>>> print(open('query.pdb').read())   # PDB, C-alpha atoms (C1' of nucleotides)
ATOM      1  CA  MET A 269      11.946 105.607 149.948
ATOM      2  CA  SER A 270      15.326 104.160 149.028
ATOM      3  CA  ASP A 271      16.869 107.622 149.195
ATOM      4  CA  GLU A 272      15.267 108.448 152.511
ATOM      5  CA  ARG A 273      17.428 106.122 154.514
ATOM      6  CA  PRO A 274      20.192 107.411 156.819
ATOM      7  CA  ASP A 275      23.740 107.187 155.531
ATOM      8  CA  LEU A 276      25.272 103.746 155.768
ATOM      9  CA  ALA A 277      27.939 104.790 158.256
ATOM     10  CA  ALA A 278      25.299 106.515 160.380
ATOM     11  CA  MET A 279      23.486 103.194 160.636
ATOM     12  CA  LEU A 280      26.508 100.945 161.033
ATOM     13  CA  HIS A 281      28.090 103.007 163.790
ATOM     14  CA  PRO A 282      25.350 102.574 166.424
ATOM     15  CA  LEU A 283      24.917  99.011 165.274
ATOM     16  CA  LEU A 284      28.559  98.261 165.968
ATOM     17  CA  ARG A 285      28.282 100.009 169.323
ATOM     18  CA  ALA A 286      25.339  97.809 170.250
ATOM     19  CA  LEU A 287      27.259  94.750 169.147
ATOM     20  CA  ILE A 288      30.297  95.663 171.220
ATOM     21  CA  ALA A 289      28.132  96.458 174.228
ATOM     22  CA  ALA A 290      26.564  93.016 173.916
ATOM     23  CA  GLU A 291      29.993  91.398 173.832
ATOM     24  CA  MET A 292      31.354  93.204 176.871
ATOM     25  CA  PRO A 293      29.690  90.943 179.473
ATOM     26  CA  VAL A 294      31.002  87.871 177.657
ATOM     27  CA  LEU A 295      34.552  89.198 177.689
ATOM     28  CA  ALA A 296      34.259  90.268 181.317
ATOM     29  CA  GLU A 297      32.950  86.857 182.285
ATOM     30  CA  HIS A 298      36.146  85.289 180.988
ATOM     31  CA  ASP A 299      38.458  88.052 182.184
ATOM     32  CA  VAL A 300      39.833  89.072 178.817
ATOM     33  CA  SER A 301      39.868  92.436 177.121
ATOM     34  CA  MET A 302      38.685  92.968 173.572
ATOM     35  CA  TRP A 303      42.274  93.234 172.379
ATOM     36  CA  GLY A 304      43.141  90.156 174.408
ATOM     37  CA  TYR A 305      40.444  88.221 172.614
ATOM     38  CA  ALA A 306      41.673  89.546 169.277
ATOM     39  CA  VAL A 307      45.169  88.317 170.096
ATOM     40  CA  LEU A 308      43.945  84.882 171.160
ATOM     41  CA  THR A 309      41.955  84.610 167.958
ATOM     42  CA  ALA A 310      44.891  85.575 165.765
ATOM     43  CA  LEU A 311      47.245  83.194 167.578
ATOM     44  CA  ASP A 312      44.775  80.338 167.498
ATOM     45  CA  ASP A 313      44.268  80.674 163.766
ATOM     46  CA  THR A 314      47.964  80.941 162.865
ATOM     47  CA  PRO A 315      50.098  79.688 165.751
ATOM     48  CA  VAL A 316      53.518  81.318 165.761
ATOM     49  CA  ARG A 317      54.521  84.856 165.051
ATOM     50  CA  THR A 318      56.616  87.785 166.135
ATOM     51  CA  GLN A 319      54.882  90.487 168.138
ATOM     52  CA  ALA A 320      55.201  92.985 165.318
ATOM     53  CA  ALA A 321      53.580  90.606 162.838
ATOM     54  CA  LEU A 322      50.817  89.865 165.321
ATOM     55  CA  ALA A 323      50.153  93.557 165.845
ATOM     56  CA  GLU A 324      50.021  94.080 162.114
ATOM     57  CA  ALA A 325      47.613  91.171 161.754
ATOM     58  CA  ILE A 326      45.066  92.605 164.160
ATOM     59  CA  GLY A 327      45.422  96.159 162.942
ATOM     60  CA  ALA A 328      47.249  97.559 165.937
ATOM     61  CA  ASP A 329      50.633  99.091 166.588
ATOM     62  CA  LYS A 330      53.373  96.857 168.013
ATOM     63  CA  SER A 331      53.693  99.139 171.015
ATOM     64  CA  ARG A 332      49.997  98.967 171.725
ATOM     65  CA  ILE A 333      49.639  95.244 172.255
ATOM     66  CA  ILE A 334      52.390  94.868 174.839
ATOM     67  CA  GLY A 335      50.153  95.456 177.842
ATOM     68  CA  THR A 336      47.684  93.000 176.371
ATOM     69  CA  LEU A 337      50.392  90.367 175.892
ATOM     70  CA  ASP A 338      51.564  90.895 179.461
ATOM     71  CA  GLU A 339      48.054  90.276 180.770
ATOM     72  CA  LEU A 340      47.519  87.210 178.616
ATOM     73  CA  GLN A 341      50.861  85.756 179.669
ATOM     74  CA  GLU A 342      50.151  86.544 183.317
ATOM     75  CA  ALA A 343      46.849  84.689 182.991
ATOM     76  CA  GLY A 344      48.556  81.726 181.343
ATOM     77  CA  LEU A 345      46.678  82.127 178.067
ATOM     78  CA  ILE A 346      49.737  82.653 175.885
ATOM     79  CA  GLU A 347      53.448  81.969 176.067
ATOM     80  CA  ARG A 348      56.339  84.188 175.054
ATOM     81  CA  THR A 349      59.514  82.230 174.559
ATOM     82  CA  PRO A 350      62.770  83.704 173.267
ATOM     83  CA  ASP A 351      63.723  82.530 169.815
ATOM     84  CA  PRO A 352      67.063  80.638 170.063
ATOM     85  CA  ASN A 353      67.874  81.607 166.490
ATOM     86  CA  ASP A 354      67.368  85.314 167.015
ATOM     87  CA  ARG A 355      67.301  86.366 170.609
ATOM     88  CA  ARG A 356      65.588  89.647 169.767
ATOM     89  CA  VAL A 357      62.297  87.994 168.972
ATOM     90  CA  ARG A 358      59.789  86.369 171.327
ATOM     91  CA  LEU A 359      57.988  83.414 169.803
ATOM     92  CA  LEU A 360      54.293  83.658 170.574
ATOM     93  CA  SER A 361      51.959  80.744 171.111
ATOM     94  CA  ILE A 362      48.545  80.174 172.605
ATOM     95  CA  THR A 363      48.274  77.722 175.506
ATOM     96  CA  PRO A 364      45.603  75.010 175.829
ATOM     97  CA  LYS A 365      43.948  77.193 178.457
ATOM     98  CA  GLY A 366      44.070  80.124 176.066
ATOM     99  CA  ARG A 367      42.440  78.002 173.404
ATOM    100  CA  ARG A 368      39.668  77.042 175.780
ATOM    101  CA  VAL A 369      39.054  80.649 176.760
ATOM    102  CA  ARG A 370      39.045  81.751 173.143
ATOM    103  CA  SER A 371      36.567  79.063 172.262
ATOM    104  CA  ALA A 372      34.259  79.878 175.167
ATOM    105  CA  VAL A 373      34.330  83.592 174.433
ATOM    106  CA  ARG A 374      33.598  83.004 170.783
ATOM    107  CA  LYS A 375      30.651  80.846 171.652
ATOM    108  CA  GLY A 376      29.264  83.593 173.884
ATOM    109  CA  ILE A 377      29.864  86.238 171.241
ATOM    110  CA  ARG A 378      28.136  84.187 168.567
ATOM    111  CA  ALA A 379      25.154  83.813 170.883
ATOM    112  CA  ALA A 380      25.072  87.576 171.410
ATOM    113  CA  GLU A 381      25.240  88.102 167.660
ATOM    114  CA  ASP A 382      22.387  85.690 167.135
ATOM    115  CA  ARG A 383      20.234  87.557 169.616
ATOM    116  CA  LEU A 384      20.997  90.831 167.870
ATOM    117  CA  LEU A 385      20.265  89.401 164.436
ATOM    118  CA  ALA A 386      17.169  87.543 165.612
ATOM    119  CA  THR A 387      14.799  90.193 164.279
ATOM    120  CA  LEU A 388      15.886  89.477 160.709
ATOM    121  CA  PRO A 389      14.160  86.805 158.629
ATOM    122  CA  ALA A 390      16.456  83.799 158.263
ATOM    123  CA  ALA A 391      17.013  84.336 154.549
ATOM    124  CA  ASP A 392      17.895  88.000 155.018
ATOM    125  CA  ARG A 393      20.242  87.113 157.855
ATOM    126  CA  GLU A 394      22.096  84.679 155.640
ATOM    127  CA  THR A 395      22.442  87.224 152.874
ATOM    128  CA  PHE A 396      23.430  89.931 155.306
ATOM    129  CA  LEU A 397      26.235  87.854 156.793
ATOM    130  CA  ARG A 398      27.435  86.797 153.378
ATOM    131  CA  ALA A 399      27.477  90.410 152.186
ATOM    132  CA  VAL A 400      29.343  91.600 155.280
ATOM    133  CA  ARG A 401      31.917  88.903 154.801
ATOM    134  CA  GLU A 402      32.369  89.738 151.144
ATOM    135  CA  LEU A 403      32.793  93.432 151.909
ATOM    136  CA  TYR A 404      35.167  92.583 154.745
ATOM    137  CA  ASP A 405      37.290  90.402 152.498
ATOM    138  CA  ALA A 406      37.418  93.142 149.885
ATOM    139  CA  HIS A 407      38.840  95.719 152.316
TER     140      HIS A 407
ATOM    141  CA  MET B 236      31.650  77.049 156.736
ATOM    142  CA  SER B 237      29.153  79.182 158.588
ATOM    143  CA  ASP B 238      31.196  78.817 161.774
ATOM    144  CA  GLU B 239      34.478  79.663 160.123
ATOM    145  CA  ARG B 240      33.710  83.300 159.581
ATOM    146  CA  PRO B 241      35.264  86.026 161.743
ATOM    147  CA  ASP B 242      33.059  87.529 164.427
ATOM    148  CA  LEU B 243      30.547  90.033 163.151
ATOM    149  CA  ALA B 244      32.074  92.962 165.034
ATOM    150  CA  ALA B 245      35.523  92.006 163.757
ATOM    151  CA  MET B 246      34.206  92.353 160.225
ATOM    152  CA  LEU B 247      32.051  95.428 160.731
ATOM    153  CA  HIS B 248      34.769  97.431 162.456
ATOM    154  CA  PRO B 249      37.248  97.606 159.561
ATOM    155  CA  LEU B 250      34.319  98.005 157.188
ATOM    156  CA  LEU B 251      33.123 101.068 159.057
ATOM    157  CA  ARG B 252      36.666 102.409 159.101
ATOM    158  CA  ALA B 253      36.889 102.041 155.342
ATOM    159  CA  LEU B 254      33.538 103.754 154.958
ATOM    160  CA  ILE B 255      34.556 106.677 157.127
ATOM    161  CA  ALA B 256      37.882 106.977 155.319
ATOM    162  CA  ALA B 257      35.991 107.150 152.024
ATOM    163  CA  GLU B 258      33.776 109.925 153.390
ATOM    164  CA  MET B 259      36.595 112.075 154.701
ATOM    165  CA  PRO B 260      37.516 113.668 151.343
ATOM    166  CA  VAL B 261      33.862 114.529 150.733
ATOM    167  CA  LEU B 262      33.577 116.258 154.097
ATOM    168  CA  ALA B 263      36.883 118.044 153.617
ATOM    169  CA  GLU B 264      35.800 119.238 150.190
ATOM    170  CA  HIS B 265      32.858 121.023 151.781
ATOM    171  CA  ASP B 266      34.708 122.159 154.888
ATOM    172  CA  VAL B 267      32.563 120.375 157.424
ATOM    173  CA  SER B 268      33.506 117.922 160.125
ATOM    174  CA  MET B 269      31.762 114.610 160.599
ATOM    175  CA  TRP B 270      29.930 115.972 163.620
ATOM    176  CA  GLY B 271      29.100 119.116 161.658
ATOM    177  CA  TYR B 272      27.491 117.006 158.982
ATOM    178  CA  ALA B 273      25.602 115.031 161.614
ATOM    179  CA  VAL B 274      24.264 118.268 163.055
ATOM    180  CA  LEU B 275      23.200 119.599 159.657
ATOM    181  CA  THR B 276      21.440 116.324 158.930
ATOM    182  CA  ALA B 277      19.578 116.320 162.227
ATOM    183  CA  LEU B 278      18.555 119.971 161.839
ATOM    184  CA  ASP B 279      17.466 119.517 158.239
ATOM    185  CA  ASP B 280      15.232 116.612 159.119
ATOM    186  CA  THR B 281      13.566 118.257 162.141
ATOM    187  CA  PRO B 282      14.122 122.032 162.056
ATOM    188  CA  VAL B 283      13.996 123.510 165.552
ATOM    189  CA  ARG B 284      15.470 122.214 168.760
ATOM    190  CA  THR B 285      17.432 123.062 171.865
ATOM    191  CA  GLN B 286      21.114 122.203 171.863
ATOM    192  CA  ALA B 287      20.634 119.522 174.472
ATOM    193  CA  ALA B 288      17.907 117.830 172.431
ATOM    194  CA  LEU B 289      20.059 118.036 169.332
ATOM    195  CA  ALA B 290      23.006 116.469 171.131
ATOM    196  CA  GLU B 291      20.779 113.691 172.390
ATOM    197  CA  ALA B 292      19.452 113.127 168.879
ATOM    198  CA  ILE B 293      22.873 112.542 167.383
ATOM    199  CA  GLY B 294      24.168 110.513 170.285
ATOM    200  CA  ALA B 295      26.562 113.083 171.675
ATOM    201  CA  ASP B 296      26.906 115.000 174.908
ATOM    202  CA  LYS B 297      25.557 118.549 175.012
ATOM    203  CA  SER B 298      28.999 119.843 175.937
ATOM    204  CA  ARG B 299      30.602 118.073 173.023
ATOM    205  CA  ILE B 300      28.715 119.714 170.168
ATOM    206  CA  ILE B 301      29.393 123.309 171.179
ATOM    207  CA  GLY B 302      32.577 123.655 169.175
ATOM    208  CA  THR B 303      30.793 122.119 166.224
ATOM    209  CA  LEU B 304      27.895 124.557 166.528
ATOM    210  CA  ASP B 305      30.349 127.456 166.751
ATOM    211  CA  GLU B 306      32.005 126.369 163.516
ATOM    212  CA  LEU B 307      28.729 125.846 161.695
ATOM    213  CA  GLN B 308      27.429 129.230 162.811
ATOM    214  CA  GLU B 309      30.705 130.893 161.848
ATOM    215  CA  ALA B 310      30.380 129.349 158.390
ATOM    216  CA  GLY B 311      26.784 130.524 158.082
ATOM    217  CA  LEU B 312      25.371 127.013 157.914
ATOM    218  CA  ILE B 313      23.181 127.255 161.009
ATOM    219  CA  GLU B 314      21.643 130.000 163.129
ATOM    220  CA  ARG B 315      21.425 130.238 166.894
ATOM    221  CA  THR B 316      18.780 132.691 168.016
ATOM    222  CA  PRO B 317      17.760 133.264 171.648
ATOM    223  CA  ASP B 318      14.299 132.007 172.473
ATOM    224  CA  PRO B 319      12.135 135.011 173.549
ATOM    225  CA  ASN B 320       9.993 132.715 175.680
ATOM    226  CA  ASP B 321      12.890 131.188 177.588
ATOM    227  CA  ARG B 322      16.078 133.145 177.345
ATOM    228  CA  ARG B 323      18.163 130.205 178.481
ATOM    229  CA  VAL B 324      17.676 128.317 175.239
ATOM    230  CA  ARG B 325      19.096 129.008 171.782
ATOM    231  CA  LEU B 326      16.742 128.088 168.984
ATOM    232  CA  LEU B 327      18.637 126.193 166.308
ATOM    233  CA  SER B 328      17.903 126.267 162.604
ATOM    234  CA  ILE B 329      19.688 125.341 159.424
ATOM    235  CA  THR B 330      20.252 128.090 156.830
ATOM    236  CA  PRO B 331      19.619 127.717 153.082
ATOM    237  CA  LYS B 332      23.370 127.535 152.621
ATOM    238  CA  GLY B 333      23.547 124.846 155.291
ATOM    239  CA  ARG B 334      20.864 122.914 153.470
ATOM    240  CA  ARG B 335      22.813 123.111 150.231
ATOM    241  CA  VAL B 336      25.998 121.921 151.908
ATOM    242  CA  ARG B 337      24.185 119.080 153.604
ATOM    243  CA  SER B 338      22.660 117.999 150.317
ATOM    244  CA  ALA B 339      25.959 118.157 148.440
ATOM    245  CA  VAL B 340      27.790 116.210 151.135
ATOM    246  CA  ARG B 341      25.114 113.577 151.237
ATOM    247  CA  LYS B 342      25.309 113.147 147.487
ATOM    248  CA  GLY B 343      29.072 112.643 147.726
ATOM    249  CA  ILE B 344      28.717 110.208 150.595
ATOM    250  CA  ARG B 345      26.129 108.164 148.752
ATOM    251  CA  ALA B 346      28.474 107.971 145.800
ATOM    252  CA  ALA B 347      31.275 106.760 148.075
ATOM    253  CA  GLU B 348      28.934 104.165 149.556
ATOM    254  CA  ASP B 349      27.983 102.972 146.102
ATOM    255  CA  ARG B 350      31.617 102.516 145.163
ATOM    256  CA  LEU B 351      32.235 100.527 148.317
ATOM    257  CA  LEU B 352      29.176  98.346 147.795
ATOM    258  CA  ALA B 353      29.847  97.913 144.080
ATOM    259  CA  THR B 354      31.407  94.474 144.545
ATOM    260  CA  LEU B 355      28.106  93.067 145.796
ATOM    261  CA  PRO B 356      25.536  91.646 143.359
ATOM    262  CA  ALA B 357      22.616  94.047 143.064
ATOM    263  CA  ALA B 358      20.181  91.731 144.817
ATOM    264  CA  ASP B 359      22.539  91.157 147.744
ATOM    265  CA  ARG B 360      23.164  94.874 148.025
ATOM    266  CA  GLU B 361      19.448  95.546 148.305
ATOM    267  CA  THR B 362      19.009  92.920 150.981
ATOM    268  CA  PHE B 363      22.114  94.086 152.825
ATOM    269  CA  LEU B 364      20.887  97.676 152.997
ATOM    270  CA  ARG B 365      17.416  96.580 154.046
ATOM    271  CA  ALA B 366      18.871  94.383 156.797
ATOM    272  CA  VAL B 367      21.165  97.132 158.065
ATOM    273  CA  ARG B 368      18.258  99.527 158.199
ATOM    274  CA  GLU B 369      16.079  97.067 160.057
ATOM    275  CA  LEU B 370      18.818  96.370 162.597
ATOM    276  CA  TYR B 371      19.480 100.086 162.937
ATOM    277  CA  ASP B 372      15.811 100.814 163.576
ATOM    278  CA  ALA B 373      15.685  98.060 166.173
ATOM    279  CA  HIS B 374      18.544  99.542 168.221
TER     280      HIS B 374
ATOM    281  C1'  DT C 237      15.817 124.216 193.294
ATOM    282  C1'  DA C 238      16.135 122.883 188.401
ATOM    283  C1'  DT C 239      17.625 123.665 183.692
ATOM    284  C1'  DT C 240      20.323 125.696 179.359
ATOM    285  C1'  DG C 241      24.360 126.577 177.515
ATOM    286  C1'  DT C 242      29.199 126.859 178.545
ATOM    287  C1'  DT C 243      33.861 125.988 180.291
ATOM    288  C1'  DA C 244      37.190 123.169 182.658
ATOM    289  C1'  DT C 245      39.018 118.786 184.068
ATOM    290  C1'  DA C 246      40.107 114.099 183.689
ATOM    291  C1'  DC C 247      40.265 109.752 181.524
ATOM    292  C1'  DT C 248      40.678 106.552 177.585
ATOM    293  C1'  DC C 249      42.769 105.433 173.047
ATOM    294  C1'  DT C 250      45.860 105.826 169.920
ATOM    295  C1'  DA C 251      50.064 107.430 167.340
ATOM    296  C1'  DT C 252      54.832 108.628 167.487
ATOM    297  C1'  DA C 253      59.173 108.815 169.056
ATOM    298  C1'  DA C 254      62.957 107.441 171.925
ATOM    299  C1'  DC C 255      65.563 103.559 174.180
ATOM    300  C1'  DT C 256      67.768  98.490 174.782
ATOM    301  C1'  DA C 257      69.416  94.523 173.173
ATOM    302  C1'  DT C 258      70.503  92.030 169.772
ATOM    303  C1'  DA C 259      71.810  91.209 164.775
TER     304       DA C 259
ATOM    305  C1'  DT D  59      73.191 100.142 160.370
ATOM    306  C1'  DA D  60      69.020  97.918 161.039
ATOM    307  C1'  DT D  61      65.412  95.337 163.591
ATOM    308  C1'  DA D  62      62.354  93.323 167.841
ATOM    309  C1'  DG D  63      60.599  94.522 171.801
ATOM    310  C1'  DT D  64      59.830  98.017 175.245
ATOM    311  C1'  DT D  65      58.941 102.418 177.451
ATOM    312  C1'  DA D  66      57.703 107.289 177.440
ATOM    313  C1'  DT D  67      55.444 111.211 175.503
ATOM    314  C1'  DA D  68      51.956 113.596 173.196
ATOM    315  C1'  DG D  69      47.684 114.059 170.807
ATOM    316  C1'  DA D  70      42.669 113.218 169.696
ATOM    317  C1'  DG D  71      38.216 112.003 171.416
ATOM    318  C1'  DT D  72      35.131 111.545 174.962
ATOM    319  C1'  DA D  73      32.893 111.713 179.606
ATOM    320  C1'  DT D  74      32.180 114.127 183.833
ATOM    321  C1'  DA D  75      31.932 117.843 186.732
ATOM    322  C1'  DA D  76      31.718 122.618 187.827
ATOM    323  C1'  DC D  77      29.878 127.285 186.469
ATOM    324  C1'  DA D  78      26.812 131.447 185.076
ATOM    325  C1'  DA D  79      22.361 132.868 183.554
ATOM    326  C1'  DT D  80      17.649 132.149 183.693
ATOM    327  C1'  DA D  81      13.441 129.857 185.061
TER     328       DA D  81
END
>>> encode(input="query.pdb", output="structure tokens")
Amino acid sequence: MSDERPDLAAMLHPLLRALIAAEMPVLAEHDVSMWGYAVLTALDDTPVRTQAALAEAIGADKSRIIGTLDELQEAGLIERTPDPNDRRVRLLSITPKGRRVRSAVRKGIRAAEDRLLATLPAADRETFLRAVRELYDAH
Amino acid sequence: MSDERPDLAAMLHPLLRALIAAEMPVLAEHDVSMWGYAVLTALDDTPVRTQAALAEAIGADKSRIIGTLDELQEAGLIERTPDPNDRRVRLLSITPKGRRVRSAVRKGIRAAEDRLLATLPAADRETFLRAVRELYDAH
DNA sequence: TATTGTTATACTCTATAACTATA
DNA sequence: TATAGTTATAGAGTATAACAATA
């Protein structure tokens, strides 16, 4: 029986798709993209950074997040201020409004996760989340 | 503590990436693409099907698997024979060689999975796999 | 008219390379 | 010259639509 299961990636892939699909309405409700939410999260957890460092932190290329930063700035969720010490860099920071949006989105996403995980017995769910976190930290 | 973790999708995404990266060398070693392996797996588990049904089964579009089928047929891993009863459809079947390749690839992939999961305590690993399977079956 | 397999087209992501302005 | 941010270009992957053969 234990060898009859599908490959791990073959199971995780549709699972992740379902998870993302469940998060889409939450993101749409608050008018942020997935990358926008990732940026808000990174900025909220560690306030100031250069754009390149931010990109690195969320696993994207520096050129790829620019559109996202433009949108977030336009919406007043982040600020980009020139660094007086080195006028090449733009100091990034999340605004109070950005923090509120991030918090609201996270709450909605956690609720969606809970619904998706609801079929698991509580003990298994705990272990599952702990295992995912451990694997995530290791890679 | 339980609220301090990253979002589930934010953890699963890089995890899946790492898993896929670990599988790449195995696939390359046996000269099959990821989709090719998915096709072999689907055909091995339920032998005969139309291309459209096969595509549906592996979560792809019927137009998207054609190149994959061409490659597999070229390599002698599957056969496409016209259905005498309905000459529009091509009956699909996996060849003995295809079965061997599928089996060898799966063995390599399972080994890669084991290495990736090795950091987890045995009990947690069991529960993790059981939970993933249950969630996968539910979606 | 509907369906199977196929080809062609377009659209989304992403990766890479140029360009500017500063240093 | 090297680096931060930006823009432009090209590639992979995917989704959709059109097409020919058959039912």
>>> interface_residues(input="query.pdb", of="chain A", to="chain C", cutoff="8 Å", atoms="only C-alpha atoms (C1' of nucleotides)", output="ChimeraX atom specification")
/A:354-356
>>> closest_atom_pairs(input="query.pdb", of="chain B", to="chain D", cutoff="12 Å", atoms="only C-alpha atoms (C1' of nucleotides)", output="tab-separated table")
residue	atom	partner	partner_atom	distance
B:Gly294	CA	D:DT72	C1'	12.0
B:Ala295	CA	D:DT72	C1'	9.3
B:Asp296	CA	D:DA73	C1'	8.3
B:Lys297	CA	D:DA73	C1'	11.0
B:Ser298	CA	D:DA73	C1'	9.7
B:Arg299	CA	D:DT72	C1'	8.2
B:Ile300	CA	D:DT72	C1'	11.4
B:Asp318	CA	D:DT80	C1'	11.7
B:Pro319	CA	D:DT80	C1'	11.9
B:Asn320	CA	D:DA81	C1'	10.4
B:Asp321	CA	D:DA81	C1'	7.6
B:Arg322	CA	D:DT80	C1'	6.6
B:Arg323	CA	D:DT80	C1'	5.6
B:Val324	CA	D:DT80	C1'	9.3
>>> resolve_selection(input="query.pdb", expression="the PyMOL selection byres ((chain B) within 9 of (chain A))", output="mmCIF file with C-alpha atoms, keeping the file's coordinate frame")
data_model
loop_
_atom_site.group_PDB
_atom_site.id
_atom_site.type_symbol
_atom_site.label_atom_id
_atom_site.label_comp_id
_atom_site.auth_asym_id
_atom_site.auth_seq_id
_atom_site.Cartn_x
_atom_site.Cartn_y
_atom_site.Cartn_z
ATOM 1 C CA ARG B 240 33.710 83.300 159.581
ATOM 2 C CA PRO B 241 35.264 86.026 161.743
ATOM 3 C CA ASP B 242 33.059 87.529 164.427
ATOM 4 C CA LEU B 243 30.547 90.033 163.151
ATOM 5 C CA ALA B 244 32.074 92.962 165.034
ATOM 6 C CA ALA B 245 35.523 92.006 163.757
ATOM 7 C CA MET B 246 34.206 92.353 160.225
ATOM 8 C CA LEU B 247 32.051 95.428 160.731
ATOM 9 C CA HIS B 248 34.769 97.431 162.456
ATOM 10 C CA PRO B 249 37.248 97.606 159.561
ATOM 11 C CA LEU B 250 34.319 98.005 157.188
ATOM 12 C CA LEU B 251 33.123 101.068 159.057
ATOM 13 C CA ALA B 253 36.889 102.041 155.342
ATOM 14 C CA LEU B 254 33.538 103.754 154.958
ATOM 15 C CA ILE B 255 34.556 106.677 157.127
ATOM 16 C CA ALA B 273 25.602 115.031 161.614
ATOM 17 C CA GLY B 294 24.168 110.513 170.285
ATOM 18 C CA ARG B 341 25.114 113.577 151.237
ATOM 19 C CA ILE B 344 28.717 110.208 150.595
ATOM 20 C CA ARG B 345 26.129 108.164 148.752
ATOM 21 C CA GLU B 348 28.934 104.165 149.556
ATOM 22 C CA LEU B 351 32.235 100.527 148.317
ATOM 23 C CA LEU B 352 29.176 98.346 147.795
ATOM 24 C CA THR B 354 31.407 94.474 144.545
ATOM 25 C CA LEU B 355 28.106 93.067 145.796
ATOM 26 C CA ASP B 359 22.539 91.157 147.744
ATOM 27 C CA ARG B 360 23.164 94.874 148.025
ATOM 28 C CA THR B 362 19.009 92.920 150.981
ATOM 29 C CA PHE B 363 22.114 94.086 152.825
ATOM 30 C CA LEU B 364 20.887 97.676 152.997
ATOM 31 C CA ARG B 365 17.416 96.580 154.046
ATOM 32 C CA ALA B 366 18.871 94.383 156.797
ATOM 33 C CA VAL B 367 21.165 97.132 158.065
ATOM 34 C CA ARG B 368 18.258 99.527 158.199
ATOM 35 C CA GLU B 369 16.079 97.067 160.057
ATOM 36 C CA LEU B 370 18.818 96.370 162.597
ATOM 37 C CA TYR B 371 19.480 100.086 162.937
ATOM 38 C CA ASP B 372 15.811 100.814 163.576
ATOM 39 C CA ALA B 373 15.685 98.060 166.173
ATOM 40 C CA HIS B 374 18.544 99.542 168.221
#
>>> atom_distance(input="query.pdb", atom1="atom CA of A:Lys365", atom2="atom CA of A:Gly344")
7.1 Å
>>> atom_distance(input="query.pdb", atom1="atom CA of A:Met302", atom2="atom CA of A:Ile346")
15.3 Å
>>> axis_aligned_box(input="query.pdb", around="stretch 305-315 of chain B", padding_each_side="3 Å", output="lines of an AutoDock Vina configuration file")
center_x = 26.7
center_y = 128.4
center_z = 162.4
size_x = 16.6
size_y = 11.0
size_z = 15.0
>>> atom_distance(input="query.pdb", atom1="atom CA of B:Glu291", atom2="atom CA of B:Pro260")
26.9 Å
>>> residues_around(input="query.pdb", residues="B:Thr281", least_positions_apart="6", cutoff="12 Å", atoms="all atoms listed in the file", output="MDAnalysis selection string")
chainID B and resid 274:275 288:289 292 327:329
>>> residues_near_point(input="query.pdb", point="(30.0, 124.3, 152.0)", cutoff="10 Å", atoms="only C-alpha atoms (C1' of nucleotides)", output="list of chain:residue names")
B:Leu262, B:Ala263, B:Glu264, B:His265, B:Asp266, B:Val267, B:Leu307, B:Ala310, B:Gly311, B:Leu312, B:Lys332, B:Gly333, B:Arg334, B:Arg335, B:Val336, B:Arg337, B:Ser338, B:Ala339, B:Val340
>>> build_atoms(input="query.pdb", residues="stretch 364-374 of chain A", atoms="N, CA and C atoms", output="CSV table (one decimal), in the frame of the given file")
chain,number,residue,atom,x,y,z
A,364,PRO,N,46.9,75.7,175.8
A,364,PRO,CA,45.6,75.0,175.8
A,364,PRO,C,44.5,75.8,176.6
A,365,LYS,N,44.9,76.4,177.7
A,365,LYS,CA,43.9,77.2,178.5
A,365,LYS,C,43.5,78.4,177.6
A,366,GLY,N,44.4,79.0,176.9
A,366,GLY,CA,44.1,80.1,176.1
A,366,GLY,C,43.1,79.7,175.0
A,367,ARG,N,43.3,78.5,174.4
A,367,ARG,CA,42.4,78.0,173.4
A,367,ARG,C,41.0,77.8,174.0
A,368,ARG,N,41.0,77.3,175.2
A,368,ARG,CA,39.7,77.0,175.8
A,368,ARG,C,38.9,78.4,176.0
A,369,VAL,N,39.7,79.3,176.5
A,369,VAL,CA,39.1,80.6,176.8
A,369,VAL,C,38.6,81.3,175.4
A,370,ARG,N,39.4,81.2,174.4
A,370,ARG,CA,39.0,81.8,173.1
A,370,ARG,C,37.8,81.1,172.6
A,371,SER,N,37.7,79.8,172.8
A,371,SER,CA,36.6,79.1,172.3
A,371,SER,C,35.3,79.4,173.0
A,372,ALA,N,35.4,79.5,174.3
A,372,ALA,CA,34.3,79.9,175.2
A,372,ALA,C,33.8,81.3,174.9
A,373,VAL,N,34.7,82.2,174.7
A,373,VAL,CA,34.3,83.6,174.4
A,373,VAL,C,33.6,83.7,173.1
A,374,ARG,N,34.2,83.0,172.1
A,374,ARG,CA,33.6,83.0,170.8
A,374,ARG,C,32.2,82.5,170.8
